[in-house]
Amino acid sequence: MKTKIFLNLAVKDLNRAVSFYNGLGFSTNPKFTNEKGACLVVDENIFVMILVEEFYQTFTKKQICDSTTTSEAIIAISVDTREQVDEMMEKAIKSGGIDYNQTNDYGWMYQRTFLDVDGHHWEVFFMDESQIPENM
């Protein structure tokens, strides 16, 4: 079996969060979706599990942070082209996300950042590894 990644995020409004991620182009897997949470498919081995806060809390003894004011993690996702970085940003903003930081263009890497509708920090980037400077 291939390794799969399941990123679990606490959300306040499940329907709003599902709509946001569907707007990014992530499909919903109905097999793992109900009124407590949803499974969003990034690709065949990467999934975002969005769980209403009350349900998320059953998986941890820690307090859920307020992701609108506290950084819990920076979620980075690579895409195949610079244009796809911009396309995902446009989708994120159109779906209710926030353009969070300035665009970073290092020549060999192009990166943009958005916050989703619950304040989770996402970075979208394209990287040409053949162009990475030797003395990084």
# chains A, B, ... in the order shown; residues from 1 in each chain; ligands from 1
call {"tool": "select_by_dssp", "arguments": {"residues": "range 19-123 of chain A", "states": "alpha helix (DSSP H)", "output": "PyMOL selection string"}}
result
chain A and resi 19-23+53-56+82-94
call {"tool": "write_last_selection", "arguments": {"atoms": "N, CA, C and O atoms", "output": "short mmCIF file (atom, residue, chain, number, x, y, z; two decimals), in the first residue's frame"}}
result
data_model
loop_
_atom_site.label_atom_id
_atom_site.label_comp_id
_atom_site.auth_asym_id
_atom_site.auth_seq_id
_atom_site.Cartn_x
_atom_site.Cartn_y
_atom_site.Cartn_z
N SER A 19 -17.42 23.93 0.52
CA SER A 19 -17.59 24.80 -0.66
C SER A 19 -16.26 25.46 -1.04
O SER A 19 -15.92 25.53 -2.23
N PHE A 20 -15.52 25.92 -0.05
CA PHE A 20 -14.22 26.55 -0.32
C PHE A 20 -13.28 25.57 -1.01
O PHE A 20 -12.71 25.87 -2.05
N TYR A 21 -13.11 24.39 -0.44
CA TYR A 21 -12.16 23.43 -1.00
C TYR A 21 -12.63 22.86 -2.34
O TYR A 21 -11.81 22.60 -3.22
N ASN A 22 -13.94 22.70 -2.52
CA ASN A 22 -14.44 22.31 -3.83
C ASN A 22 -14.13 23.40 -4.85
O ASN A 22 -13.80 23.11 -6.00
N GLY A 23 -14.18 24.67 -4.41
CA GLY A 23 -13.83 25.79 -5.28
C GLY A 23 -12.37 25.76 -5.72
O GLY A 23 -12.02 26.29 -6.78
N GLU A 53 -15.37 21.54 14.70
CA GLU A 53 -14.52 21.66 15.90
C GLU A 53 -14.88 20.66 17.00
O GLU A 53 -14.00 20.08 17.61
N GLU A 54 -16.16 20.46 17.25
CA GLU A 54 -16.58 19.55 18.32
C GLU A 54 -16.10 18.12 18.04
O GLU A 54 -15.68 17.40 18.94
N PHE A 55 -16.17 17.70 16.78
CA PHE A 55 -15.73 16.36 16.40
C PHE A 55 -14.20 16.28 16.40
O PHE A 55 -13.62 15.31 16.91
N TYR A 56 -13.55 17.30 15.89
CA TYR A 56 -12.08 17.36 15.89
C TYR A 56 -11.56 17.20 17.32
O TYR A 56 -10.58 16.50 17.56
N ARG A 82 3.97 27.79 -12.86
CA ARG A 82 3.74 29.09 -12.23
C ARG A 82 2.28 29.52 -12.44
O ARG A 82 1.66 30.09 -11.56
N GLU A 83 1.77 29.23 -13.63
CA GLU A 83 0.39 29.60 -13.95
C GLU A 83 -0.59 28.89 -13.02
O GLU A 83 -1.60 29.48 -12.62
N GLN A 84 -0.29 27.65 -12.66
CA GLN A 84 -1.17 26.92 -11.75
C GLN A 84 -1.15 27.51 -10.35
O GLN A 84 -2.14 27.45 -9.63
N VAL A 85 -0.02 28.10 -9.95
CA VAL A 85 0.04 28.81 -8.67
C VAL A 85 -0.99 29.94 -8.69
O VAL A 85 -1.81 30.07 -7.78
N ASP A 86 -0.94 30.75 -9.74
CA ASP A 86 -1.86 31.88 -9.86
C ASP A 86 -3.31 31.42 -9.98
O ASP A 86 -4.22 32.03 -9.39
N GLU A 87 -3.54 30.33 -10.71
CA GLU A 87 -4.90 29.80 -10.85
C GLU A 87 -5.46 29.35 -9.50
O GLU A 87 -6.62 29.64 -9.19
N MET A 88 -4.65 28.65 -8.70
CA MET A 88 -5.14 28.21 -7.40
C MET A 88 -5.42 29.41 -6.50
O MET A 88 -6.39 29.42 -5.75
N MET A 89 -4.57 30.43 -6.57
CA MET A 89 -4.81 31.64 -5.76
C MET A 89 -6.12 32.30 -6.17
O MET A 89 -6.90 32.72 -5.32
N GLU A 90 -6.37 32.40 -7.47
CA GLU A 90 -7.62 33.00 -7.95
C GLU A 90 -8.82 32.20 -7.44
O GLU A 90 -9.81 32.78 -6.99
N LYS A 91 -8.73 30.88 -7.48
CA LYS A 91 -9.81 30.03 -6.97
C LYS A 91 -9.99 30.23 -5.47
O LYS A 91 -11.12 30.29 -4.98
N ALA A 92 -8.88 30.31 -4.73
CA ALA A 92 -8.96 30.49 -3.27
C ALA A 92 -9.66 31.80 -2.93
O ALA A 92 -10.55 31.83 -2.07
N ILE A 93 -9.29 32.87 -3.60
CA ILE A 93 -9.89 34.17 -3.33
C ILE A 93 -11.36 34.18 -3.74
O ILE A 93 -12.22 34.66 -3.00
N LYS A 94 -11.67 33.61 -4.91
CA LYS A 94 -13.05 33.56 -5.38
C LYS A 94 -13.93 32.74 -4.43
O LYS A 94 -15.11 33.03 -4.26
#
call {"tool": "select_by_dssp", "arguments": {"residues": "chain A", "states": "strand (DSSP E)", "output": "PyMOL selection string"}}
result
chain A and resi 5-11+27-29+37-43+46-52+74-78+98-99+104-105+109-115+121-127
call {"tool": "closest_residue", "arguments": {"among": "A:Ser95, A:Val48, A:Ile5, A:Lys12", "to": "Lys36 in chain A", "atoms": "only C-alpha atoms"}}
result
A:Lys12
call {"tool": "atom_distance", "arguments": {"atom1": "CA of Leu115 in chain A", "atom2": "CA of Glu129 in chain A"}}
result
26.2 Å
call {"tool": "atom_distance", "arguments": {"atom1": "CA of Thr60 in chain A", "atom2": "CA of Glu72 in chain A"}}
result
14.1 Å
call {"tool": "closest_residue", "arguments": {"among": "A:Leu14, A:Ile77, A:Leu9, A:Met109", "to": "Ser130 in chain A", "atoms": "only C-alpha atoms"}}
result
A:Met109
call {"tool": "residues_around", "arguments": {"residues": "Val52 in chain A", "least_positions_apart": "5", "cutoff": "12 Å", "atoms": "only C-alpha atoms", "output": "tab-separated table (two decimals) with C-alpha atoms, in the first residue's frame"}}
result
chain	number	residue	atom	x	y	z
A	8	ASN	CA	-6.95	17.02	9.53
A	9	LEU	CA	-8.24	20.55	10.03
A	10	ALA	CA	-10.82	21.90	12.48
A	11	VAL	CA	-13.52	24.04	10.87
A	12	LYS	CA	-16.34	26.16	12.22
A	13	ASP	CA	-18.82	25.75	9.36
A	14	LEU	CA	-18.53	22.44	7.48
A	15	ASN	CA	-20.63	23.44	4.47
A	16	ARG	CA	-18.69	26.68	4.01
A	17	ALA	CA	-15.36	24.82	4.23
A	18	VAL	CA	-16.49	22.10	1.78
A	33	THR	CA	-18.23	12.58	4.58
A	34	ASN	CA	-21.12	13.25	6.97
A	35	GLU	CA	-22.43	16.09	9.15
A	36	LYS	CA	-19.30	15.93	11.36
A	37	GLY	CA	-16.65	16.08	8.66
A	38	ALA	CA	-15.69	15.72	5.04
A	57	GLN	CA	-11.79	17.83	19.66
A	58	THR	CA	-12.57	14.11	20.20
A	59	PHE	CA	-9.18	13.26	18.60
A	64	ILE	CA	-8.00	23.85	19.33
A	118	ASP	CA	-11.11	29.20	8.73
